[in-house]
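Structure file entry-v6.cif (mmCIF, C-alpha atoms) follows.
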```cif
data_work
#
loop_
_atom_site.label_atom_id
_atom_site.label_comp_id
_atom_site.auth_asym_id
_atom_site.auth_seq_id
_atom_site.Cartn_x
_atom_site.Cartn_y
_atom_site.Cartn_z
CA MET A 1 46.55 107.54 81.65
CA ASN A 2 45.08 104.91 79.37
CA THR A 3 43.37 102.45 81.74
CA HIS A 4 43.11 99.85 78.95
CA ILE A 5 46.84 99.24 79.53
CA LEU A 6 45.75 97.54 82.76
CA ASP A 7 43.58 94.99 80.91
CA GLU A 8 44.68 91.44 81.66
CA ALA A 9 45.50 90.63 78.03
CA VAL A 10 47.62 93.77 77.65
CA GLN A 11 49.51 93.09 80.88
CA HIS A 12 50.15 89.51 79.74
CA PHE A 13 51.54 90.82 76.43
CA ILE A 14 53.85 93.25 78.25
CA ASN A 15 55.23 90.53 80.52
CA GLU A 16 55.69 88.08 77.66
CA HIS A 17 57.61 90.59 75.54
CA LEU A 18 60.03 92.12 78.06
CA ASN A 19 63.01 90.90 76.05
CA ARG A 20 61.70 91.93 72.64
CA ASP A 21 63.00 94.89 70.63
CA VAL A 22 60.58 97.67 71.60
CA ASN A 23 61.31 99.56 68.38
CA LYS A 24 60.03 96.61 66.33
CA ILE A 25 56.94 96.41 68.54
CA ALA A 26 56.26 100.11 68.07
CA LEU A 27 56.47 99.78 64.28
CA SER A 28 54.60 96.50 63.88
CA LYS A 29 50.88 96.17 63.13
CA PRO A 30 48.47 97.06 65.98
CA VAL A 31 47.96 94.40 68.64
CA PHE A 32 45.10 95.89 70.66
CA GLU A 33 42.19 98.13 69.75
CA HIS A 34 42.45 100.59 72.63
CA VAL A 35 46.21 100.53 73.28
CA ASN A 36 48.52 101.64 70.50
CA ASN A 37 51.88 100.02 69.90
CA SER A 38 53.85 103.06 71.05
CA GLU A 39 52.16 102.79 74.45
CA LEU A 40 52.96 99.07 74.57
CA ALA A 41 56.59 99.71 73.66
CA ASN A 42 56.90 102.35 76.40
CA GLN A 43 55.36 100.10 79.07
CA ILE A 44 57.75 97.28 78.11
CA ALA A 45 60.83 99.52 78.03
CA ALA A 46 59.93 101.24 81.32
CA LYS A 47 59.18 97.98 83.11
CA LYS A 48 62.40 96.41 81.88
CA LYS A 49 64.34 99.49 83.07
CA SER A 50 62.73 99.02 86.50
CA ALA A 51 63.94 95.43 86.96
CA HIS A 52 67.09 96.45 88.84
CA LYS A 53 66.36 100.10 89.55
CA LEU A 54 62.86 99.65 91.03
CA PRO A 55 62.38 95.98 91.95
CA THR A 56 59.32 96.70 94.14
CA TRP A 57 57.49 98.11 91.12
CA PHE A 58 58.84 95.47 88.72
CA HIS A 59 57.63 92.60 90.89
CA THR A 60 54.18 94.11 91.51
CA ASP A 61 51.51 93.11 89.01
CA TYR A 62 49.52 95.79 87.17
CA ILE A 63 51.91 98.67 87.80
CA TYR A 64 51.30 101.48 85.34
CA TYR A 65 54.56 102.92 84.00
CA PRO A 66 55.10 106.55 82.96
CA PRO A 67 57.08 107.72 79.91
CA LEU A 68 60.52 106.10 79.91
CA LEU A 69 62.25 109.43 80.64
CA SER A 70 60.51 109.56 84.03
CA ILE A 71 61.91 106.13 84.92
CA GLU A 72 65.40 107.22 83.86
CA GLN A 73 65.22 110.40 85.96
CA CYS A 74 63.58 109.06 89.11
CA SER A 75 65.44 107.85 92.19
CA SER A 76 66.45 104.22 92.47
CA GLU A 77 65.14 102.18 95.39
CA HIS A 78 68.66 102.18 96.87
CA THR A 79 68.80 105.97 97.07
CA ALA A 80 65.12 106.47 97.89
CA ILE A 81 65.35 104.19 100.92
CA TYR A 82 68.47 106.03 102.07
CA LYS A 83 66.93 109.50 101.84
CA SER A 84 63.70 108.35 103.51
CA LYS A 85 65.74 107.84 106.70
CA LEU A 86 66.64 111.55 106.67
CA ALA A 87 63.03 112.63 107.13
CA LYS A 88 62.01 114.08 110.50
CA GLY A 89 58.61 113.97 112.17
CA SER A 90 55.26 112.61 111.04
CA SER A 91 54.33 114.92 108.16
CA LEU A 92 56.17 115.34 104.87
CA ILE A 93 55.54 117.01 101.54
CA ASP A 94 57.24 115.98 98.31
CA LEU A 95 57.13 119.09 96.11
CA THR A 96 58.31 117.41 92.89
CA ALA A 97 56.99 113.84 93.03
CA GLY A 98 57.37 112.64 89.44
CA PHE A 99 56.80 108.87 89.33
CA GLY A 100 56.44 108.86 93.12
CA VAL A 101 59.36 106.63 94.13
CA ASP A 102 60.63 108.99 96.83
CA SER A 103 57.09 109.69 98.09
CA PHE A 104 56.49 105.95 98.45
CA PHE A 105 59.53 105.34 100.62
CA PHE A 106 58.94 108.52 102.62
CA SER A 107 55.48 107.11 103.39
CA LYS A 108 57.16 104.26 105.25
CA GLU A 109 58.75 106.77 107.65
CA ALA A 110 56.12 109.54 107.91
CA LYS A 111 52.49 109.12 108.89
CA LYS A 112 51.27 111.62 106.30
CA VAL A 113 52.79 112.39 102.90
CA ILE A 114 51.58 115.01 100.43
CA SER A 115 52.89 114.20 96.95
CA CYS A 116 52.76 117.14 94.51
CA GLU A 117 53.16 116.62 90.77
CA ILE A 118 52.46 119.37 88.24
CA ASP A 119 52.05 116.98 85.29
CA ALA A 120 48.47 115.66 85.33
CA ASN A 121 49.31 112.32 83.70
CA LEU A 122 52.18 111.63 86.10
CA ALA A 123 50.04 112.64 89.09
CA GLU A 124 47.34 110.18 88.03
CA ILE A 125 49.88 107.39 87.56
CA ASN A 126 51.50 108.24 90.90
CA ALA A 127 48.15 108.06 92.73
CA TYR A 128 47.14 104.77 91.07
CA ASN A 129 50.46 103.05 91.85
CA ALA A 130 50.54 104.35 95.44
CA GLU A 131 47.14 102.74 96.06
CA LEU A 132 48.23 99.52 94.33
CA LEU A 133 51.35 99.38 96.52
CA GLY A 134 49.30 99.89 99.68
CA ALA A 135 50.67 103.34 100.53
CA ASP A 136 47.34 104.69 101.78
CA ASN A 137 48.99 107.52 103.73
CA ILE A 138 50.04 109.30 100.52
CA LYS A 139 47.82 112.05 99.16
CA VAL A 140 48.71 112.86 95.55
CA LEU A 141 47.94 116.36 94.28
CA ASN A 142 48.13 117.52 90.67
CA THR A 143 49.63 120.90 91.53
CA ASN A 144 52.76 122.99 91.61
CA GLY A 145 54.43 122.17 94.92
CA ILE A 146 55.84 125.66 95.50
CA ALA A 147 52.46 127.26 94.72
CA TYR A 148 50.82 124.85 97.16
CA LEU A 149 53.19 125.95 99.92
CA GLU A 150 52.67 129.62 99.12
CA SER A 151 48.88 129.43 99.14
CA GLY A 152 48.35 127.02 102.03
CA GLU A 153 48.73 127.27 105.77
CA ASP A 154 50.07 123.77 106.40
CA ILE A 155 53.39 123.37 108.21
CA PHE A 156 55.39 120.18 107.63
CA ASP A 157 58.04 118.41 109.64
CA THR A 158 59.96 117.68 106.43
CA ILE A 159 59.91 119.19 102.94
CA TYR A 160 61.53 117.30 100.08
CA ILE A 161 62.31 118.83 96.69
CA ASP A 162 64.12 117.54 93.62
CA PRO A 163 64.61 120.57 91.33
CA ALA A 164 65.14 119.81 87.66
CA ARG A 165 67.71 121.31 85.33
CA ARG A 166 66.29 124.34 83.53
CA ASN A 167 67.94 123.18 80.32
CA GLN A 168 67.99 119.38 80.03
CA ASN A 169 70.78 119.57 77.44
CA ASN A 170 73.29 121.30 79.70
CA LYS A 171 75.18 120.12 82.76
CA VAL A 172 74.30 121.94 85.97
CA PHE A 173 76.84 123.11 88.54
CA MET A 174 74.78 125.77 90.37
CA LEU A 175 71.47 125.60 92.25
CA LYS A 176 70.26 128.77 90.54
CA ASP A 177 70.27 126.83 87.26
CA CYS A 178 67.58 124.46 88.56
CA ASN A 179 63.79 124.74 88.61
CA PRO A 180 62.31 125.38 91.13
CA ASP A 181 65.05 127.74 92.24
CA VAL A 182 65.55 126.62 95.85
CA VAL A 183 67.74 129.64 96.55
CA GLN A 184 64.90 131.97 95.60
CA TYR A 185 62.41 130.01 97.74
CA HIS A 186 64.80 129.34 100.61
CA ALA A 187 62.85 131.45 103.13
CA LEU A 188 59.51 129.91 102.11
CA LEU A 189 60.84 126.36 102.46
CA LEU A 190 62.18 126.93 105.98
CA ALA A 191 59.05 128.83 107.01
CA LYS A 192 56.89 125.85 106.01
CA GLY A 193 59.16 123.02 107.11
CA SER A 194 61.36 122.22 110.10
CA ARG A 195 63.69 120.26 107.84
CA VAL A 196 64.24 120.64 104.09
CA ILE A 197 65.88 117.95 101.97
CA ILE A 198 67.08 119.03 98.53
CA LYS A 199 68.18 116.44 95.98
CA THR A 200 70.57 117.62 93.26
CA ALA A 201 72.60 116.02 90.52
CA PRO A 202 76.09 114.84 91.52
CA LEU A 203 77.78 117.37 89.20
CA LEU A 204 76.61 120.25 91.37
CA ASP A 205 79.60 121.99 92.93
CA ILE A 206 79.55 121.55 96.72
CA ILE A 207 81.41 124.79 97.50
CA ALA A 208 79.13 126.75 95.17
CA GLY A 209 76.08 125.13 96.79
CA LEU A 210 77.25 126.12 100.26
CA ASN A 211 77.71 129.68 99.04
CA GLU A 212 74.15 129.71 97.68
CA LEU A 213 72.36 128.03 100.59
CA GLU A 214 71.96 128.89 104.26
CA ASN A 215 70.94 126.64 107.16
CA VAL A 216 72.73 123.60 105.74
CA SER A 217 73.31 121.03 108.48
CA GLU A 218 74.33 118.00 106.38
CA ILE A 219 75.41 117.11 102.85
CA HIS A 220 75.01 113.49 101.77
CA ILE A 221 76.92 112.19 98.75
CA LEU A 222 75.37 108.96 97.48
CA SER A 223 77.03 106.49 95.15
CA VAL A 224 75.85 103.11 93.90
CA LYS A 225 78.60 100.72 92.77
CA ASN A 226 81.07 103.59 92.33
CA GLU A 227 78.67 105.77 90.34
CA CYS A 228 77.84 109.05 92.07
CA LYS A 229 74.04 109.29 91.88
CA GLU A 230 72.97 112.35 93.84
CA LEU A 231 73.73 114.97 96.45
CA LEU A 232 71.33 115.53 99.32
CA TRP A 233 71.35 118.90 101.06
CA VAL A 234 69.71 118.83 104.49
CA LEU A 235 68.59 122.21 105.81
CA ASP A 236 67.46 122.69 109.40
CA LYS A 237 66.12 125.88 110.95
CA ASN A 238 68.71 125.95 113.72
CA ALA A 239 71.65 124.58 111.75
CA ASP A 240 75.16 125.59 112.79
CA SER A 241 76.85 126.65 109.55
CA SER A 242 80.27 126.33 111.16
CA ALA A 243 79.83 122.57 111.64
CA ILE A 244 78.25 121.18 108.49
CA LYS A 245 78.52 117.41 108.34
CA VAL A 246 79.45 115.74 105.06
CA ILE A 247 78.44 112.07 104.75
CA CYS A 248 79.67 109.91 101.87
CA ALA A 249 77.52 106.80 101.55
CA THR A 250 78.48 103.99 99.19
CA LEU A 251 75.41 101.84 98.48
CA ASN A 252 76.26 98.38 97.21
CA ASP A 253 74.86 94.85 97.26
CA GLN A 254 77.14 94.05 100.21
CA GLY A 255 75.70 96.94 102.23
CA THR A 256 76.40 100.62 102.83
CA LYS A 257 79.72 102.06 103.96
CA TYR A 258 80.08 105.56 105.35
CA PHE A 259 82.82 108.16 105.42
CA SER A 260 81.97 111.39 107.22
CA PHE A 261 83.54 114.60 108.47
CA HIS A 262 82.71 118.21 109.26
CA THR A 263 83.61 121.03 106.90
CA GLY A 264 86.93 122.52 107.87
CA GLU A 265 88.12 119.20 109.23
CA GLN A 266 89.51 118.21 105.82
CA GLN A 267 92.20 120.90 105.96
CA VAL A 268 94.89 118.57 107.26
CA SER A 269 98.36 117.60 106.14
CA VAL A 270 99.19 114.03 105.30
CA ASP A 271 102.18 111.70 105.11
CA TYR A 272 103.11 110.33 101.70
CA ALA A 273 103.61 106.64 101.17
CA ASP A 274 106.73 104.58 100.69
CA ILE A 275 105.02 101.80 98.77
CA HIS A 276 106.37 98.28 98.49
CA VAL A 277 105.47 94.79 97.34
CA ASN A 278 103.04 92.81 99.55
CA GLY A 279 101.46 96.03 100.78
CA TYR A 280 97.98 97.20 99.82
CA LEU A 281 96.81 99.88 97.41
CA TYR A 282 93.52 101.71 98.06
CA GLU A 283 91.33 103.48 95.50
CA PRO A 284 88.45 105.49 97.06
CA ASP A 285 84.86 105.28 95.86
CA VAL A 286 83.69 108.27 93.80
CA ALA A 287 81.54 109.51 96.70
CA LEU A 288 84.69 110.04 98.78
CA LEU A 289 86.46 111.75 95.89
CA LYS A 290 83.45 114.04 95.32
CA SER A 291 83.78 115.25 98.92
CA GLY A 292 87.24 116.68 98.15
CA ALA A 293 88.62 115.44 101.49
CA PHE A 294 91.59 113.76 99.83
CA ASN A 295 94.02 114.07 102.74
CA LEU A 296 91.41 113.25 105.36
CA ILE A 297 90.69 109.92 103.65
CA GLY A 298 94.20 108.84 104.56
CA ILE A 299 93.92 110.13 108.12
CA LYS A 300 90.54 108.52 108.81
CA TYR A 301 91.52 105.10 107.49
CA GLY A 302 95.13 105.16 108.68
CA LEU A 303 96.57 105.16 105.15
CA ASN A 304 99.42 107.02 103.47
CA LYS A 305 98.78 108.95 100.28
CA LEU A 306 100.93 108.19 97.24
CA HIS A 307 101.13 111.75 95.91
CA ALA A 308 99.35 115.07 96.34
CA GLN A 309 97.49 114.63 93.04
CA SER A 310 97.20 110.84 92.77
CA HIS A 311 94.38 110.19 95.30
CA LEU A 312 95.57 106.62 95.85
CA TYR A 313 96.61 105.31 99.26
CA PHE A 314 98.85 102.66 100.75
CA SER A 315 98.95 100.51 103.85
CA GLU A 316 100.92 97.46 104.91
CA GLU A 317 97.70 95.74 105.92
CA ALA A 318 94.26 95.24 104.37
CA LYS A 319 91.43 97.33 105.86
CA PRO A 320 88.08 95.96 104.61
CA ASP A 321 86.07 98.82 106.15
CA PHE A 322 87.56 101.09 103.46
CA ALA A 323 84.93 102.51 101.08
CA GLY A 324 86.48 101.63 97.75
CA ARG A 325 88.68 99.08 96.03
CA ILE A 326 91.66 97.37 97.64
CA PHE A 327 94.54 95.74 95.76
CA LYS A 328 97.36 93.49 96.95
CA ILE A 329 100.61 94.82 95.42
CA GLU A 330 102.59 92.08 93.69
CA LYS A 331 105.13 94.05 91.67
CA ILE A 332 106.23 97.68 91.24
CA LEU A 333 107.76 98.72 87.94
CA LYS A 334 109.20 101.83 86.39
CA VAL A 335 107.55 102.78 83.12
CA ASN A 336 110.72 102.21 81.09
CA GLU A 337 110.81 98.62 82.35
CA LEU A 338 107.49 97.68 80.78
CA LYS A 339 108.90 96.93 77.33
CA LYS A 340 111.07 94.23 78.88
CA GLU A 341 108.04 92.52 80.36
CA LYS A 342 106.48 89.71 78.35
CA ASP A 343 102.82 88.72 78.31
CA LEU A 344 101.58 91.69 80.34
CA GLN A 345 98.09 91.12 81.74
CA GLY A 346 95.78 93.34 83.75
CA ASN A 347 93.04 95.93 83.65
CA VAL A 348 94.72 99.28 83.14
CA ILE A 349 93.98 102.10 85.59
CA VAL A 350 95.41 105.60 85.11
CA ARG A 351 95.63 107.97 88.10
CA ASN A 352 97.73 111.14 87.82
CA PHE A 353 99.59 109.80 84.79
CA PRO A 354 100.08 111.62 81.44
CA ASP A 355 98.41 109.06 79.16
CA LYS A 356 95.11 107.25 78.68
CA ALA A 357 94.37 103.69 79.67
CA GLU A 358 93.41 102.65 76.14
CA SER A 359 96.62 103.92 74.57
CA LEU A 360 98.78 102.37 77.31
CA ALA A 361 97.12 98.99 76.86
CA LYS A 362 97.77 99.18 73.13
CA LYS A 363 101.33 100.52 73.46
CA TYR A 364 102.49 97.80 75.86
CA LYS A 365 100.24 95.03 74.46
CA ILE A 366 98.52 94.52 77.79
CA LYS A 367 95.88 91.79 77.77
CA PRO A 368 92.79 92.18 79.97
CA HIS A 369 92.51 90.06 83.11
CA GLN A 370 89.66 89.39 85.51
CA THR A 371 91.48 90.03 88.80
CA GLN A 372 94.84 91.53 87.87
CA PHE A 373 95.35 95.29 87.50
CA LEU A 374 98.13 97.53 86.23
CA VAL A 375 97.92 100.94 87.92
CA PHE A 376 99.80 103.74 86.14
CA THR A 377 100.30 106.52 88.65
CA GLN A 378 102.78 108.81 90.36
CA ASP A 379 104.28 108.74 93.84
CA ALA A 380 106.89 110.95 95.52
CA GLU A 381 109.66 109.30 93.49
CA GLY A 382 108.01 109.66 90.08
CA TYR A 383 105.87 107.65 87.71
CA LYS A 384 105.24 104.02 88.63
CA VAL A 385 103.33 101.02 87.36
CA ILE A 386 101.81 98.95 90.16
CA ASP A 387 100.98 95.36 89.30
CA ALA A 388 98.31 94.30 91.79
CA LYS A 389 95.51 91.82 92.41
CA ILE A 390 92.10 93.10 93.45
CA ILE A 391 90.88 91.77 96.80
CA GLN A 392 87.93 94.11 97.39
CA HIS A 393 85.58 95.59 94.81
CA TYR A 394 83.43 98.71 95.11
#
```
Representation of the structure as structure tokens:
Amino acid sequence: MNTHILDEAVQHFINEHLNRDVNKIALSKPVFEHVNNSELANQIAAKKKSAHKLPTWFHTDYIYYPPLLSIEQCSSEHTAIYKSKLAKGSSLIDLTAGFGVDSFFFSKEAKKVISCEIDANLAEINAYNAELLGADNIKVLNTNGIAYLESGEDIFDTIYIDPARRNQNNKVFMLKDCNPDVVQYHALLLAKGSRVIIKTAPLLDIIAGLNELENVSEIHILSVKNECKELLWVLDKNADSSAIKVICATLNDQGTKYFSFHTGEQQVSVDYADIHVNGYLYEPDVALLKSGAFNLIGIKYGLNKLHAQSHLYFSEEAKPDFAGRIFKIEKILKVNELKKEKDLQGNVIVRNFPDKAESLAKKYKIKPHQTQFLVFTQDAEGYKVIDAKIIQHY
């Protein structure tokens, strides 16, 4: 950590150049004696990245930013605030703190937070920023979190861990492919904590995760503006594995919507829709789709599914509590009728249809439109094109 970055003149330069090309700054002649241009470029890029992702940090003067990769990989404030509410008790340990975003928000819920970070530079940055932000109940340790648990006698109400991919270049679908291996340390985690919260990437397979883990009480699927951000696995010592709760949370500027169920509950049959003009078409948020409870979505919201593989739903009335987009159906066409239509306009959506949106737009000369959509899909009667106006966004 180069403390000269916190000099007033350097901080002024960073703030004045937030909209500059950081590559040009990095390659230009030196600006300061004790801060090289690569460090300046990183501080500018990292701070700019934090504007929407980490507004608390962005709007606090003299924050010290880590390498840009750490900003890209850390939790957003949206998700960090959400997971902080899952903590139990007064003591918590964050085994993989990184930039310290999760530790900071956990400190608002727990009286005592131990924040472990194995990288010495990140640990120093974490400690400095925590003090600057007034989080005086966080103790930052430059140590391996798992080793700290193994060697110490402390027992925590909540343990939080965010294992990284072993190979950053590959997608991860199994917990065993992450480091630390939470499956290997499962017994240790539950011996040292009453509750364990594990954050994983959204690509992780839920069924595979349940086969790898024991004591799972809840699985939280978090999305922000229809982008699945993370899975949270909550382990409790006395969890009933026959009644695991799955919570889909859609975090948006308008607030958070929830869709929840217990495993096993999703094995239900569903009625298929007889869609018509002036009805409403529903497209679930990705968090709901990640849960795999495709039929249950219809049951819970009182909707009819279009087709077994379409994952679109219909109702004669608008239901604004739905977690996803809602469209008012204005016209229903068969595909072979499209060539007769003149001046087609709409954003093309493809769901369970044997072509891509880009090629369909080109083939039928469909012009983009701000609020109008053309949904190419399949219902019980075959392929359809639904011309609809959006009335609720993600």
Distance query A:Lys53 at most 9 Å, all atoms listed in the file, self and fewer than 4 positions along chain excluded, as a PyMOL selection string: chain A and resi 49+58+71+75-78
d(atom CA of A:Ser38, atom CA of A:Val140) in Å: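 Atom CA of A:Val140 lies at a distance of 26.9 Å from atom CA of A:Ser38.
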Contacts of stretch 196-210 of chain A within 9 Å, all atoms listed in the file, excl. fewer than 4 positions in-chain, as number ranges by chain: A: 83, 86-87, 157-165, 171-175, 178, 182, 189-190, 214, 216, 219, 221-222, 228-237, 290-291
For those residues, write C-alpha atoms to a file as a PDB file, in the coordinates of the input.
```pdb
ATOM      1  CA  LYS A  83      66.930 109.500 101.840  1.00  0.00           C
ATOM      2  CA  LEU A  86      66.640 111.550 106.670  1.00  0.00           C
ATOM      3  CA  ALA A  87      63.030 112.630 107.130  1.00  0.00           C
ATOM      4  CA  ASP A 157      58.040 118.410 109.640  1.00  0.00           C
ATOM      5  CA  THR A 158      59.960 117.680 106.430  1.00  0.00           C
ATOM      6  CA  ILE A 159      59.910 119.190 102.940  1.00  0.00           C
ATOM      7  CA  TYR A 160      61.530 117.300 100.080  1.00  0.00           C
ATOM      8  CA  ILE A 161      62.310 118.830  96.690  1.00  0.00           C
ATOM      9  CA  ASP A 162      64.120 117.540  93.620  1.00  0.00           C
ATOM     10  CA  PRO A 163      64.610 120.570  91.330  1.00  0.00           C
ATOM     11  CA  ALA A 164      65.140 119.810  87.660  1.00  0.00           C
ATOM     12  CA  ARG A 165      67.710 121.310  85.330  1.00  0.00           C
ATOM     13  CA  LYS A 171      75.180 120.120  82.760  1.00  0.00           C
ATOM     14  CA  VAL A 172      74.300 121.940  85.970  1.00  0.00           C
ATOM     15  CA  PHE A 173      76.840 123.110  88.540  1.00  0.00           C
ATOM     16  CA  MET A 174      74.780 125.770  90.370  1.00  0.00           C
ATOM     17  CA  LEU A 175      71.470 125.600  92.250  1.00  0.00           C
ATOM     18  CA  CYS A 178      67.580 124.460  88.560  1.00  0.00           C
ATOM     19  CA  VAL A 182      65.550 126.620  95.850  1.00  0.00           C
ATOM     20  CA  LEU A 189      60.840 126.360 102.460  1.00  0.00           C
ATOM     21  CA  LEU A 190      62.180 126.930 105.980  1.00  0.00           C
ATOM     22  CA  GLU A 214      71.960 128.890 104.260  1.00  0.00           C
ATOM     23  CA  VAL A 216      72.730 123.600 105.740  1.00  0.00           C
ATOM     24  CA  ILE A 219      75.410 117.110 102.850  1.00  0.00           C
ATOM     25  CA  ILE A 221      76.920 112.190  98.750  1.00  0.00           C
ATOM     26  CA  LEU A 222      75.370 108.960  97.480  1.00  0.00           C
ATOM     27  CA  CYS A 228      77.840 109.050  92.070  1.00  0.00           C
ATOM     28  CA  LYS A 229      74.040 109.290  91.880  1.00  0.00           C
ATOM     29  CA  GLU A 230      72.970 112.350  93.840  1.00  0.00           C
ATOM     30  CA  LEU A 231      73.730 114.970  96.450  1.00  0.00           C
ATOM     31  CA  LEU A 232      71.330 115.530  99.320  1.00  0.00           C
ATOM     32  CA  TRP A 233      71.350 118.900 101.060  1.00  0.00           C
ATOM     33  CA  VAL A 234      69.710 118.830 104.490  1.00  0.00           C
ATOM     34  CA  LEU A 235      68.590 122.210 105.810  1.00  0.00           C
ATOM     35  CA  ASP A 236      67.460 122.690 109.400  1.00  0.00           C
ATOM     36  CA  LYS A 237      66.120 125.880 110.950  1.00  0.00           C
ATOM     37  CA  LYS A 290      83.450 114.040  95.320  1.00  0.00           C
ATOM     38  CA  SER A 291      83.780 115.250  98.920  1.00  0.00           C
TER      39      SER A 291
END
```
A:Ile329, A:Val22, A:Ile114, A:Val35 ranked by distance to A:Ala9, top pick (using all atoms listed in the file):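 Under the stated criterion, the closest residue is A:Val35.
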Residue contacts of stretch 295-304 of chain A (10 Å, only C-alpha atoms) excluding same-chain residues fewer than 2 positions away, as JSON, numbers by chain: {"A": [259, 260, 261, 265, 266, 267, 268, 269, 270, 271, 272, 273, 274, 275, 280, 281, 282, 284, 288, 289, 291, 292, 293, 306, 307, 308, 311, 312, 313, 314, 315, 316, 317, 319, 321, 322, 323]}
Test item: the PyMOL selection byres ((chain A and resi 54) around 12) resolved as a PDB file with C-alpha atoms, keeping the file's coordinate frame:
```pdb
ATOM      1  CA  ALA A  46      59.930 101.240  81.320  1.00  0.00           C
ATOM      2  CA  LYS A  47      59.180  97.980  83.110  1.00  0.00           C
ATOM      3  CA  LYS A  48      62.400  96.410  81.880  1.00  0.00           C
ATOM      4  CA  LYS A  49      64.340  99.490  83.070  1.00  0.00           C
ATOM      5  CA  SER A  50      62.730  99.020  86.500  1.00  0.00           C
ATOM      6  CA  ALA A  51      63.940  95.430  86.960  1.00  0.00           C
ATOM      7  CA  HIS A  52      67.090  96.450  88.840  1.00  0.00           C
ATOM      8  CA  LYS A  53      66.360 100.100  89.550  1.00  0.00           C
ATOM      9  CA  PRO A  55      62.380  95.980  91.950  1.00  0.00           C
ATOM     10  CA  THR A  56      59.320  96.700  94.140  1.00  0.00           C
ATOM     11  CA  TRP A  57      57.490  98.110  91.120  1.00  0.00           C
ATOM     12  CA  PHE A  58      58.840  95.470  88.720  1.00  0.00           C
ATOM     13  CA  HIS A  59      57.630  92.600  90.890  1.00  0.00           C
ATOM     14  CA  THR A  60      54.180  94.110  91.510  1.00  0.00           C
ATOM     15  CA  ILE A  63      51.910  98.670  87.800  1.00  0.00           C
ATOM     16  CA  TYR A  65      54.560 102.920  84.000  1.00  0.00           C
ATOM     17  CA  ILE A  71      61.910 106.130  84.920  1.00  0.00           C
ATOM     18  CA  GLU A  72      65.400 107.220  83.860  1.00  0.00           C
ATOM     19  CA  CYS A  74      63.580 109.060  89.110  1.00  0.00           C
ATOM     20  CA  SER A  75      65.440 107.850  92.190  1.00  0.00           C
ATOM     21  CA  SER A  76      66.450 104.220  92.470  1.00  0.00           C
ATOM     22  CA  GLU A  77      65.140 102.180  95.390  1.00  0.00           C
ATOM     23  CA  HIS A  78      68.660 102.180  96.870  1.00  0.00           C
ATOM     24  CA  THR A  79      68.800 105.970  97.070  1.00  0.00           C
ATOM     25  CA  ALA A  80      65.120 106.470  97.890  1.00  0.00           C
ATOM     26  CA  ILE A  81      65.350 104.190 100.920  1.00  0.00           C
ATOM     27  CA  PHE A  99      56.800 108.870  89.330  1.00  0.00           C
ATOM     28  CA  GLY A 100      56.440 108.860  93.120  1.00  0.00           C
ATOM     29  CA  VAL A 101      59.360 106.630  94.130  1.00  0.00           C
ATOM     30  CA  ASP A 102      60.630 108.990  96.830  1.00  0.00           C
ATOM     31  CA  PHE A 104      56.490 105.950  98.450  1.00  0.00           C
ATOM     32  CA  PHE A 105      59.530 105.340 100.620  1.00  0.00           C
TER      33      PHE A 105
END
```
Determine the axis-aligned bounding box of all atoms of stretch 286-296 of chain A present in the file, pad each side by 6 Å, and express its centre and edge lengths in Å to one decimal place as lines of an AutoDock Vina configuration file.
```
center_x = 87.8
center_y = 112.5
center_z = 99.6
size_x = 24.5
size_y = 20.4
size_z = 23.6
```
Distance in Å - atom CA of A:Gly346 versus atom CA of A:Ala388: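 Straight-line distance from atom CA of A:Gly346 to atom CA of A:Ala388 works out to 8.5 Å.
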Residues returned when the PyMOL selection byres ((chain A and resi 145) around 8) runs on this file, as a PyMOL selection string: chain A and resi 94-96+116-118+143-144+146-149
Spatial neighbours of A:Lys139, 8 Å, all atoms listed in the file, chain gap at least 5 places, as a PyMOL selection string: chain A and resi 112-115+127
Please save C-alpha atoms of the selected residues as a short mmCIF file (atom, residue, chain, number, x, y, z; two decimals), in the frame of the given file.
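Generated file (out-v9.cif):
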```cif
data_model
loop_
_atom_site.label_atom_id
_atom_site.label_comp_id
_atom_site.auth_asym_id
_atom_site.auth_seq_id
_atom_site.Cartn_x
_atom_site.Cartn_y
_atom_site.Cartn_z
CA LYS A 112 51.27 111.62 106.30
CA VAL A 113 52.79 112.39 102.90
CA ILE A 114 51.58 115.01 100.43
CA SER A 115 52.89 114.20 96.95
CA ALA A 127 48.15 108.06 92.73
#
```
